[in-house]
Amino acid sequence: LKTPIDEPREYVLAQRGMNALANARSFAPKRISIPRSSRSYRTHDLALSDFTVSIDLHVRSLEQAQLIDELSLIHRSPRLDVRSHRGWPVSFSHDGETLEHWVKPDRFIGIKFHDRPDNQNARYFAIEIDRGTMPLEANNLQKASILRKLLTYQATHQNDVLKDLFVIPHAYTLFLTTGPRRRDNMVKLAQTTVTDDRAAKAMLFAVQPPAPTVCNHIDVSSIGWINGRGEEMRLPL
């Protein structure tokens with residue numbers, strides 16, 4: 001992709017690369033179109049890729065663990081609309097306003113542990129990358145905001161949506177943002193608006209870690225996670 005001359009090069013997966021992955025049975029076949037995204041969206045996508053690669057590298061460092069990719073999870077659902085949207089529908093109310101909304105995480109993945117008992121051998125994560133541009137609150141739920149994201153994930157937990165659609169009994173939502181102040185403001189918003197305790201404790205907030213390299217990656221389980229109740233914790237694996 002075109003980048004300023006003094007900045008690192010950026011790359012996007014094209015069709016031949018996708019075909020190679022499909023032929024190697026690493027991913028299901030998929031048609032690829034080269035995006036013409038704005039610089040801000042590209043920064044978001046690169047941050048998402050960096051964190052996903054960090055998780056993948058961490059999983060590879062563990063014994064008897066394997067990453068479950070998003071397509072495998074989404075295609076567990078028998079519903080065509082869920083598979084085409086690559087997300088799930090929820091309905092919720094807030095301050096007298098009701099909204100029906102499709103939840104579409106930036107990434108939806110799982111980790112399977114082969115040395116654990118059945119029904120206790122997987123962890124699931126919806127990943128949300130925040131670059132500090134989305135408002136914490138908007139004047140109505142029709143507009144994108146961090147508040148709306150929190151409410152949609154609360155509804156997901158309260159209504160057991162993932163269990164019904166994907167046979168996933170519990171999942172964590174990981175919010176990665178740009179700095180400690182933004183993270184803490186998101187946590188404070190969750191503390192005041194997320195009323196369901198189970199949902200709040202399943203929402204984990206952290207500062208985006210450094211980009212991984214071939215020789216070095218961070219332990220994603222210990223980068224300073226804070227849940228929606230303001231409690232510090234490690235990433236549950």
# chains A, B, ... in the order shown; residues from 1 in each chain; ligands from 1
>>> residues_around(residues="Leu1 (chain A)", least_positions_apart="2", cutoff="8 Å", atoms="only C-alpha atoms", output="list in words")
Thr3, Arg9, Glu10, Tyr11 and Val12 of chain A
>>> closest_atom_pairs(of="region 128-154 of chain A", to="region 223-235 of chain A", cutoff="12 Å", atoms="only C-alpha atoms", output="Markdown table")
| residue | atom | partner | partner_atom | distance |
| --- | --- | --- | --- | --- |
| A:Leu150 | CA | A:Gly228 | CA | 9.4 |
| A:Leu151 | CA | A:Gly228 | CA | 11.9 |
| A:Tyr153 | CA | A:Gly228 | CA | 11.5 |
| A:Gln154 | CA | A:Gly228 | CA | 10.7 |
>>> write_last_selection(atoms="C-alpha atoms", output="PDB file, in the first residue's frame")
ATOM      1  CA  LEU A 150     -20.744  -1.440  26.170  1.00  0.00           C
ATOM      2  CA  LEU A 151     -24.526  -1.767  26.057  1.00  0.00           C
ATOM      3  CA  TYR A 153     -21.995  -6.465  24.832  1.00  0.00           C
ATOM      4  CA  GLN A 154     -24.023  -6.298  28.034  1.00  0.00           C
TER       5      GLN A 154
END
>>> residues_around(residues="region 122-139 of chain A", least_positions_apart="2", cutoff="8 Å", atoms="only C-alpha atoms", output="PyMOL selection string")
chain A and resi 44+47-48+105-113+119-120+141+143-148+168+170-178+182+186+189+236-237
>>> select_by_dssp(residues="region 103-187 of chain A", states="strand (DSSP E)", output="list of chain:residue names")
A:Val103, A:Arg107, A:Phe108, A:Ile109, A:Gly110, A:Ile111, A:Lys112, A:Phe113, A:Ala122, A:Arg123, A:Tyr124, A:Phe125, A:Ala126, A:Ile127, A:Glu128, A:Ile129, A:Tyr172, A:Thr173, A:Leu174, A:Phe175, A:Leu176, A:Thr177
>>> write_last_selection(atoms="N, CA, C and O atoms", output="PDB file, in the first residue's frame")
ATOM      1  N   VAL A 103     -24.027  -6.607  16.484  1.00  0.00           N
ATOM      2  CA  VAL A 103     -22.707  -6.541  17.112  1.00  0.00           C
ATOM      3  C   VAL A 103     -21.705  -7.181  16.160  1.00  0.00           C
ATOM      4  O   VAL A 103     -21.830  -8.350  15.817  1.00  0.00           O
ATOM      5  N   ARG A 107     -12.599  -8.307  15.803  1.00  0.00           N
ATOM      6  CA  ARG A 107     -12.132  -9.689  15.620  1.00  0.00           C
ATOM      7  C   ARG A 107     -12.801 -10.568  16.661  1.00  0.00           C
ATOM      8  O   ARG A 107     -13.035 -10.136  17.781  1.00  0.00           O
ATOM      9  N   PHE A 108     -13.119 -11.805  16.280  1.00  0.00           N
ATOM     10  CA  PHE A 108     -13.789 -12.761  17.163  1.00  0.00           C
ATOM     11  C   PHE A 108     -13.001 -14.069  17.078  1.00  0.00           C
ATOM     12  O   PHE A 108     -12.961 -14.703  16.015  1.00  0.00           O
ATOM     13  N   ILE A 109     -12.327 -14.451  18.148  1.00  0.00           N
ATOM     14  CA  ILE A 109     -11.441 -15.611  18.106  1.00  0.00           C
ATOM     15  C   ILE A 109     -11.618 -16.475  19.350  1.00  0.00           C
ATOM     16  O   ILE A 109     -12.264 -16.085  20.322  1.00  0.00           O
ATOM     17  N   GLY A 110     -11.016 -17.655  19.301  1.00  0.00           N
ATOM     18  CA  GLY A 110     -11.004 -18.542  20.454  1.00  0.00           C
ATOM     19  C   GLY A 110      -9.634 -19.173  20.609  1.00  0.00           C
ATOM     20  O   GLY A 110      -8.801 -19.131  19.698  1.00  0.00           O
ATOM     21  N   ILE A 111      -9.399 -19.734  21.768  1.00  0.00           N
ATOM     22  CA  ILE A 111      -8.184 -20.497  22.036  1.00  0.00           C
ATOM     23  C   ILE A 111      -8.607 -21.835  22.613  1.00  0.00           C
ATOM     24  O   ILE A 111      -9.320 -21.887  23.621  1.00  0.00           O
ATOM     25  N   LYS A 112      -8.186 -22.917  21.974  1.00  0.00           N
ATOM     26  CA  LYS A 112      -8.519 -24.262  22.438  1.00  0.00           C
ATOM     27  C   LYS A 112      -7.308 -24.886  23.102  1.00  0.00           C
ATOM     28  O   LYS A 112      -6.201 -24.836  22.570  1.00  0.00           O
ATOM     29  N   PHE A 113      -7.528 -25.475  24.274  1.00  0.00           N
ATOM     30  CA  PHE A 113      -6.470 -26.131  25.033  1.00  0.00           C
ATOM     31  C   PHE A 113      -6.718 -27.643  24.989  1.00  0.00           C
ATOM     32  O   PHE A 113      -7.694 -28.137  25.554  1.00  0.00           O
ATOM     33  N   ALA A 122     -11.726 -24.231  26.273  1.00  0.00           N
ATOM     34  CA  ALA A 122     -11.668 -23.138  25.290  1.00  0.00           C
ATOM     35  C   ALA A 122     -11.972 -21.810  25.959  1.00  0.00           C
ATOM     36  O   ALA A 122     -12.746 -21.731  26.922  1.00  0.00           O
ATOM     37  N   ARG A 123     -11.340 -20.756  25.446  1.00  0.00           N
ATOM     38  CA  ARG A 123     -11.629 -19.385  25.837  1.00  0.00           C
ATOM     39  C   ARG A 123     -11.975 -18.613  24.565  1.00  0.00           C
ATOM     40  O   ARG A 123     -11.370 -18.840  23.514  1.00  0.00           O
ATOM     41  N   TYR A 124     -12.926 -17.712  24.679  1.00  0.00           N
ATOM     42  CA  TYR A 124     -13.390 -16.962  23.512  1.00  0.00           C
ATOM     43  C   TYR A 124     -13.291 -15.465  23.781  1.00  0.00           C
ATOM     44  O   TYR A 124     -13.571 -14.995  24.893  1.00  0.00           O
ATOM     45  N   PHE A 125     -12.920 -14.717  22.730  1.00  0.00           N
ATOM     46  CA  PHE A 125     -12.671 -13.285  22.885  1.00  0.00           C
ATOM     47  C   PHE A 125     -13.215 -12.508  21.686  1.00  0.00           C
ATOM     48  O   PHE A 125     -12.928 -12.846  20.532  1.00  0.00           O
ATOM     49  N   ALA A 126     -13.990 -11.471  21.988  1.00  0.00           N
ATOM     50  CA  ALA A 126     -14.349 -10.458  20.992  1.00  0.00           C
ATOM     51  C   ALA A 126     -13.403  -9.285  21.202  1.00  0.00           C
ATOM     52  O   ALA A 126     -13.260  -8.797  22.323  1.00  0.00           O
ATOM     53  N   ILE A 127     -12.733  -8.853  20.143  1.00  0.00           N
ATOM     54  CA  ILE A 127     -11.706  -7.818  20.249  1.00  0.00           C
ATOM     55  C   ILE A 127     -12.227  -6.520  19.642  1.00  0.00           C
ATOM     56  O   ILE A 127     -12.749  -6.510  18.520  1.00  0.00           O
ATOM     57  N   GLU A 128     -12.079  -5.433  20.392  1.00  0.00           N
ATOM     58  CA  GLU A 128     -12.472  -4.098  19.919  1.00  0.00           C
ATOM     59  C   GLU A 128     -11.254  -3.173  20.026  1.00  0.00           C
ATOM     60  O   GLU A 128     -10.710  -2.975  21.114  1.00  0.00           O
ATOM     61  N   ILE A 129     -10.833  -2.624  18.896  1.00  0.00           N
ATOM     62  CA  ILE A 129      -9.701  -1.697  18.850  1.00  0.00           C
ATOM     63  C   ILE A 129     -10.228  -0.265  18.857  1.00  0.00           C
ATOM     64  O   ILE A 129     -11.053   0.107  18.018  1.00  0.00           O
ATOM     65  N   TYR A 172     -15.148 -13.185  26.580  1.00  0.00           N
ATOM     66  CA  TYR A 172     -14.655 -11.910  27.089  1.00  0.00           C
ATOM     67  C   TYR A 172     -14.578 -10.914  25.932  1.00  0.00           C
ATOM     68  O   TYR A 172     -14.286 -11.294  24.797  1.00  0.00           O
ATOM     69  N   THR A 173     -14.837  -9.652  26.235  1.00  0.00           N
ATOM     70  CA  THR A 173     -14.651  -8.582  25.259  1.00  0.00           C
ATOM     71  C   THR A 173     -13.407  -7.803  25.644  1.00  0.00           C
ATOM     72  O   THR A 173     -13.304  -7.299  26.765  1.00  0.00           O
ATOM     73  N   LEU A 174     -12.456  -7.706  24.736  1.00  0.00           N
ATOM     74  CA  LEU A 174     -11.186  -7.041  24.991  1.00  0.00           C
ATOM     75  C   LEU A 174     -11.182  -5.685  24.278  1.00  0.00           C
ATOM     76  O   LEU A 174     -11.253  -5.623  23.051  1.00  0.00           O
ATOM     77  N   PHE A 175     -11.100  -4.619  25.051  1.00  0.00           N
ATOM     78  CA  PHE A 175     -11.022  -3.269  24.508  1.00  0.00           C
ATOM     79  C   PHE A 175      -9.574  -2.793  24.587  1.00  0.00           C
ATOM     80  O   PHE A 175      -9.029  -2.626  25.683  1.00  0.00           O
ATOM     81  N   LEU A 176      -8.954  -2.574  23.428  1.00  0.00           N
ATOM     82  CA  LEU A 176      -7.574  -2.071  23.357  1.00  0.00           C
ATOM     83  C   LEU A 176      -7.618  -0.627  22.913  1.00  0.00           C
ATOM     84  O   LEU A 176      -8.194  -0.310  21.867  1.00  0.00           O
ATOM     85  N   THR A 177      -6.997   0.259  23.690  1.00  0.00           N
ATOM     86  CA  THR A 177      -7.067   1.674  23.360  1.00  0.00           C
ATOM     87  C   THR A 177      -5.686   2.323  23.385  1.00  0.00           C
ATOM     88  O   THR A 177      -4.675   1.635  23.562  1.00  0.00           O
TER      89      THR A 177
END
>>> residues_around(residues="Gln158 (chain A)", least_positions_apart="3", cutoff="8 Å", atoms="only C-alpha atoms", output="list of chain:residue names")
A:Gln154, A:Ala155, A:Val161, A:Asp196, A:Ala199
>>> write_last_selection(atoms="all heavy atoms", output="mmCIF file, in the first residue's frame")
data_model
loop_
_atom_site.group_PDB
_atom_site.id
_atom_site.type_symbol
_atom_site.label_atom_id
_atom_site.label_comp_id
_atom_site.auth_asym_id
_atom_site.auth_seq_id
_atom_site.Cartn_x
_atom_site.Cartn_y
_atom_site.Cartn_z
ATOM 1 N N GLN A 154 -23.232 -5.924 26.864
ATOM 2 C CA GLN A 154 -24.023 -6.298 28.034
ATOM 3 C C GLN A 154 -25.243 -7.109 27.609
ATOM 4 O O GLN A 154 -25.556 -8.157 28.207
ATOM 5 C CB GLN A 154 -24.482 -5.047 28.803
ATOM 6 C CG GLN A 154 -25.406 -5.382 29.964
ATOM 7 C CD GLN A 154 -25.719 -4.176 30.833
ATOM 8 O OE1 GLN A 154 -25.355 -4.144 31.989
ATOM 9 N NE2 GLN A 154 -26.411 -3.182 30.275
ATOM 10 N N ALA A 155 -25.931 -6.665 26.556
ATOM 11 C CA ALA A 155 -27.089 -7.397 26.053
ATOM 12 C C ALA A 155 -26.683 -8.782 25.560
ATOM 13 O O ALA A 155 -27.418 -9.763 25.732
ATOM 14 C CB ALA A 155 -27.768 -6.603 24.938
ATOM 15 N N VAL A 161 -26.684 -14.706 23.999
ATOM 16 C CA VAL A 161 -26.728 -14.723 22.538
ATOM 17 C C VAL A 161 -25.675 -15.667 21.960
ATOM 18 O O VAL A 161 -25.960 -16.443 21.032
ATOM 19 C CB VAL A 161 -26.530 -13.293 21.984
ATOM 20 C CG1 VAL A 161 -26.444 -13.316 20.462
ATOM 21 C CG2 VAL A 161 -27.654 -12.383 22.436
ATOM 22 N N ASP A 196 -25.138 -5.154 34.682
ATOM 23 C CA ASP A 196 -25.023 -6.604 34.865
ATOM 24 C C ASP A 196 -23.597 -6.946 35.288
ATOM 25 O O ASP A 196 -22.640 -6.694 34.544
ATOM 26 C CB ASP A 196 -25.383 -7.324 33.556
ATOM 27 C CG ASP A 196 -25.408 -8.827 33.725
ATOM 28 O OD1 ASP A 196 -24.333 -9.462 33.567
ATOM 29 O OD2 ASP A 196 -26.473 -9.366 34.023
ATOM 30 N N ALA A 199 -21.583 -9.330 32.983
ATOM 31 C CA ALA A 199 -21.157 -8.665 31.753
ATOM 32 C C ALA A 199 -19.998 -7.718 32.016
ATOM 33 O O ALA A 199 -19.038 -7.660 31.250
ATOM 34 C CB ALA A 199 -22.333 -7.917 31.130
#
